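Heads up: the structure comes next, in structure tokens.
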Amino acid sequence: MRWKKRVNQSLAIALTVALAFAMNVPIAAWGEVQDPVLDVPGAEPASLAESTAAQQFEALVAELPEANAVTAEDVDAVSAAQAAYDALAEDEKVLVNASCEKLDAVSAAFAALSTPKASDVETQAFEAMIGSQGYSTLADAVSAAQSGSTVVLQGNAALTETLNIDKGLTIEGSGFTVTAEGLAPAIQVSTSEPVVIKNLTLTGVQRGIKMNNSAVNLALTGCTINASLRGIDSPSLEYSGISLVLDNTAINCSDVSDYDTQVKYDQSCRGISLWNIKDSQVILKNSSSINGFSYCINVSGAQSESGVCDTTGLKVDVVDSTLRGWTGLNIWGSSAVYTIKGSTVKGINTSSAPSNSFAAIVFNDDIYDQFAQAHSVNNTLTIADSTITNFQGGSCTENLLRIDCGITKLILSGEVKFADTTGNIAAALQLDSMDDPYGFLQKMCNATAK
């Protein structure tokens, strides 16, 4: 409204007079501003029009981009505008409020652009952290860690030599990937203290993790191991008291692309290799899986004179999980307990080579005279609420459950589905190689009747 304009102009006149007295300058020296034309719409207060420093500041701010368009290239322009504002007298600053607001917004945007977040700084500077302490490599962090520490990976990492874990600790992978091209193994656990590896992908390896202590206590949660030969390996030690837990963890053969129809044929190709293990527990649970290996879980060891490998006290539980390979369980050990519950075991055979017929689950006798008459005895197998199935892509047969010998007790409970997809097997349970299959079946029937 017009009266507002007059009020603003009157305030400008008053401010002009006040400044003149304060500076001890005669009002007449201010020229025509002592008699402003109050009725001219759009007329600017004379004090702003004559404030050269303020005009220069506003010109600099006008050249700045909007806050949402600021880039690193605007650093000089932002600095110049800020310097111009700082040079203004206090009475001049009150005249440039609008431009000042824009400068503040642009300056804030530029500061946010040029200052990395603390988490970004940590990621750029350190490969792993223990608390607030950063380390340039994962190996350095593991080496420096105290027993019970948690090492937190800050980004994808690479190993050029085996990572030795010789104390109890947790490695939190945070969803990142550790690449260890060709290492065998990539990680070695050399302690009986609890070791936990979480949310980590290990890839590019020949062998993933080596259990290098006779009483390893290892848990993998939310992990993936991509290995060309073995996922978890045990060297020639005498193991006792091992605890190995896979929770929502996958072990994949990296040489296979389709785990439902392909498998790698190599007697050394194993998802988990258990050698000379007694009084130990191996658990797969919560949607864990082993995929693409010749033997998903292989149990063997040194043989006695009678050809028996003693694995007394070993318990292997596959719960709510999946095994897909040439065979899911390849058992040469004796006196152990195996449980498959709420799971799927799929035997995959694409071979046409002689003697390559196999089965999804196998308890072995040396039917091909390859292993010095080795055989398993006195094992218990329980299958509950699970599916045992197969795939055949060559001329070799893939059976479902083959018991050459070695089962003292076979328990089927709940809904157990034997699903042959090949049409080439005579029965779900293959007992052809047993010395007395009818005696075995009679014994099982009698045990069930009791």
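Identifiers in the structure tokens: chain A, B, ... in order shown; residue index from 1 per chain; ligand index from 1 in order shown.
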
- Message: Residues within 8 Å of Glu161 in chain A, please, as a list in words. Count only C-alpha atoms; anything in the same chain fewer than 2 positions from it doesn't count.
- Response: Leu159, Leu163, Ala180, Leu183 and Ala186 of chain A

Pull C-alpha atoms from the residues just selected and write them as a CSV table (one decimal), in the first residue's frame.
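Output below, filename again_38.csv:
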chain,number,residue,atom,x,y,z
A,159,LEU,CA,44.0,-60.7,0.8
A,163,LEU,CA,44.7,-64.5,7.1
A,180,ALA,CA,41.6,-63.7,-2.1
A,183,LEU,CA,44.6,-68.6,-1.9
A,186,ALA,CA,42.2,-67.7,2.4

Given only C-alpha atoms, how would the per-residue table for range 188-235 of chain A near range 242-264 of chain A read, listing every residue at most 6 Å away with its closest atom pair and distance in Å to one decimal, sorted by chain and number, as CSV?
residue,atom,partner,partner_atom,distance
A:Ala215,CA,A:Ile242,CA,4.6
A:Val216,CA,A:Ile242,CA,5.0
A:Asn217,CA,A:Ser243,CA,4.7
A:Leu218,CA,A:Leu244,CA,5.0
A:Ala219,CA,A:Val245,CA,4.6
A:Leu220,CA,A:Leu246,CA,5.0
A:Thr221,CA,A:Asp247,CA,4.7
A:Gly222,CA,A:Asn248,CA,5.0
A:Cys223,CA,A:Thr249,CA,4.7
A:Thr224,CA,A:Ala250,CA,4.8
A:Ile225,CA,A:Ile251,CA,4.7
A:Asn226,CA,A:Asn252,CA,4.9
A:Ala227,CA,A:Ser254,CA,5.2
A:Ser228,CA,A:Ser254,CA,5.0
A:Gly231,CA,A:Ile251,CA,5.9

Output C-alpha atoms for every residue in the selection just made, as a PDB file, in the first residue's frame.
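What ended up in part21.pdb:
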ATOM      1  CA  ALA A 215      39.181 -78.101  18.666  1.00  0.00           C
ATOM      2  CA  VAL A 216      38.069 -75.244  16.408  1.00  0.00           C
ATOM      3  CA  ASN A 217      34.982 -73.292  17.514  1.00  0.00           C
ATOM      4  CA  LEU A 218      33.807 -71.487  14.380  1.00  0.00           C
ATOM      5  CA  ALA A 219      30.467 -69.876  13.536  1.00  0.00           C
ATOM      6  CA  LEU A 220      29.588 -68.296  10.176  1.00  0.00           C
ATOM      7  CA  THR A 221      26.478 -66.119  10.086  1.00  0.00           C
ATOM      8  CA  GLY A 222      25.101 -64.484   6.961  1.00  0.00           C
ATOM      9  CA  CYS A 223      28.232 -65.352   4.985  1.00  0.00           C
ATOM     10  CA  THR A 224      29.018 -66.599   1.482  1.00  0.00           C
ATOM     11  CA  ILE A 225      32.131 -68.555   0.494  1.00  0.00           C
ATOM     12  CA  ASN A 226      32.847 -68.910  -3.231  1.00  0.00           C
ATOM     13  CA  ALA A 227      35.619 -71.490  -3.622  1.00  0.00           C
ATOM     14  CA  SER A 228      36.828 -73.547  -6.566  1.00  0.00           C
ATOM     15  CA  GLY A 231      34.796 -74.295   1.273  1.00  0.00           C
TER      16      GLY A 231
END

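Ranking A:Ile411, A:Leu229, A:Ala353, A:Leu429 by their shortest atom-to-atom distance to Ser395 in chain A, with only C-alpha atoms included, puts A:Ala353 first.
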
- Note on the structure: Among A:Ala83, A:Val189, A:Ile407, A:Val78, Ala54 in chain A is approached most closely, using only C-alpha atoms, by A:Ala83

- Message: Which of range 206-431 of chain A end up as strand (DSSP E) when DSSP is run on this backbone - answer as a PyMOL selection string?
- Response: chain A and resi 206-211+217-221+224-233+239-240+243-247+250-253+270-275+277-278+281-285+289-291+295-300+309-310+315-319+322-325+327-331+333-334+337-341+344-349+358-363+379-384+387-392+398-403+407-413+417-419+429-430

- Message: Env of Lys167 in chain A: 7 Å cut, atoms = only C-alpha atoms, seq-sep filter 2 positions within chain, self excluded. Answer as an MDAnalysis selection string.
- Response: chainID A and resid 147 165 169 191 193

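For the residues A:Asn399, A:Ser352, A:Ser289, A:Asn298, ranking by smallest atom-to-atom distance to Asp233 in chain A using only C-alpha atoms places A:Asn298 first.
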
- Task: Can you list, as a ChimeraX atom specification, all residues belonging to range 63-207 of chain A that DSSP tags as alpha helix (DSSP H)?
- Result: /A:75-86,90-93,97-114,118-125,138-144
